[in-house]
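I have placed the structure first, in the form of structure tokens, so that the comments after it can refer back to it.
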Amino acid sequence: MIQIDIDDFPVLESSVRNGDYPDLPCVLERYLILSDARAANHPSEAAKHNIHMRAYMTLLNTLCDTYVSEHWRALCLDQIHKPLFAIERLARTQTDKARVRRLYNELSILSHYFL
């Protein structure tokens, strides 16, 4: 039986990043739920943005890591839209919106290359 503390955010994030449990998509789901909850608890828009960016980068780095199972990387690709949409919702200025467009472009290029 696999044991993981699904409420310990750093451990969960590390497990997602390393693809430790490729047959347990609930680990990825829980990571994204906790990430959203952490962002919701911050009054600062900048802090919310940083939390969602951290989740986005964790998933992006995972899907680009060829040492992680392809199945897990595909799961990360399937879920990466969640933090990306959250980042997009927080974009207010034209500069912010341009950064979001660059994130979408980056994701499009890297996902085609690595998966």
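Ordering of the structure tokens sets the chain letters (A, B, ...); residue numbers start at 1 within each chain; ligands are numbered from 1 in the order shown.
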
*asked:* Quick one: residues within 12 Å of Ala37 (chain A), only C-alpha atoms, excluding same-chain residues fewer than 2 positions away - as a VMD selection string?
replied: chain A and resid 7 9 30 to 35 39 to 42 48 51 to 52 83

_According to DSSP computed on the backbone, where in chain A is there helix (DSSP H, G or I)? Give the residues as number ranges by chain._
A: 9-18, 25-40, 45-63, 70-79, 81-90, 94-114

*Do you know which residues are at most 10 Å from Ala74 (chain A) counting only C-alpha atoms, after dropping those on the same chain fewer than 6 positions away, and could you put them as a PyMOL selection string?*
chain A and resi 62-63+80+111+114-115

Go ahead and dump the residues you just picked, all heavy atoms, as a CSV table (one decimal), in the first residue's frame.
```
chain,number,residue,atom,x,y,z
A,62,THR,N,7.2,19.1,-15.2
A,62,THR,CA,7.0,17.7,-15.2
A,62,THR,C,6.7,17.1,-16.5
A,62,THR,O,7.3,16.1,-16.9
A,62,THR,CB,5.8,17.3,-14.2
A,62,THR,OG1,6.1,17.8,-12.9
A,62,THR,CG2,5.6,15.8,-14.1
A,63,LEU,N,5.9,17.8,-17.3
A,63,LEU,CA,5.6,17.2,-18.6
A,63,LEU,C,6.8,17.3,-19.6
A,63,LEU,O,6.8,16.6,-20.6
A,63,LEU,CB,4.3,17.9,-19.2
A,63,LEU,CG,4.3,19.3,-19.8
A,63,LEU,CD1,4.7,19.3,-21.2
A,63,LEU,CD2,2.9,19.9,-19.7
A,80,ILE,N,-3.0,21.0,-16.8
A,80,ILE,CA,-2.2,22.3,-16.7
A,80,ILE,C,-3.1,23.5,-17.0
A,80,ILE,O,-2.8,24.6,-16.6
A,80,ILE,CB,-1.0,22.3,-17.6
A,80,ILE,CG1,0.0,23.3,-17.1
A,80,ILE,CG2,-1.3,22.4,-19.1
A,80,ILE,CD1,1.4,23.2,-17.7
A,111,SER,N,4.6,21.2,-25.2
A,111,SER,CA,3.8,20.0,-25.2
A,111,SER,C,4.0,19.2,-26.5
A,111,SER,O,4.0,18.0,-26.5
A,111,SER,CB,2.4,20.3,-24.9
A,111,SER,OG,1.8,21.1,-25.9
A,114,PHE,N,7.6,17.5,-26.3
A,114,PHE,CA,7.8,16.5,-25.3
A,114,PHE,C,6.8,15.4,-25.2
A,114,PHE,O,7.0,14.3,-24.7
A,114,PHE,CB,8.0,17.1,-23.9
A,114,PHE,CG,9.3,17.8,-23.7
A,114,PHE,CD1,9.4,19.2,-23.9
A,114,PHE,CD2,10.5,17.1,-23.5
A,114,PHE,CE1,10.6,19.8,-23.7
A,114,PHE,CE2,11.7,17.7,-23.4
A,114,PHE,CZ,11.8,19.1,-23.5
A,115,LEU,N,5.6,15.6,-25.8
A,115,LEU,CA,4.6,14.5,-25.8
A,115,LEU,C,4.1,14.2,-27.1
A,115,LEU,O,4.0,14.9,-28.0
A,115,LEU,CB,3.4,14.9,-24.9
A,115,LEU,CG,3.7,14.9,-23.4
A,115,LEU,CD1,2.5,15.4,-22.6
A,115,LEU,CD2,4.0,13.5,-22.9
```

*Spatial neighbours of Cys76 (chain A), 12 Å, only C-alpha atoms, chain gap at least 2 places, as a ChimeraX atom specification*: /A:16-19,22,25-29,31-32,55-65,68-74,78-83,107,111,115

*For Leu24 (chain A), the nearest of the candidates A:Leu110, A:Ala91, A:Ala86, A:Leu75, counting only C-alpha atoms*: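 Using only C-alpha atoms, the shortest distance to Leu24 (chain A) belongs to A:Leu75.
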
*Two-atom distance - CA of Pro43 (chain A), CA of Leu90 (chain A) (Å)*: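 CA of Leu90 (chain A) lies at a distance of 12.5 Å from CA of Pro43 (chain A).
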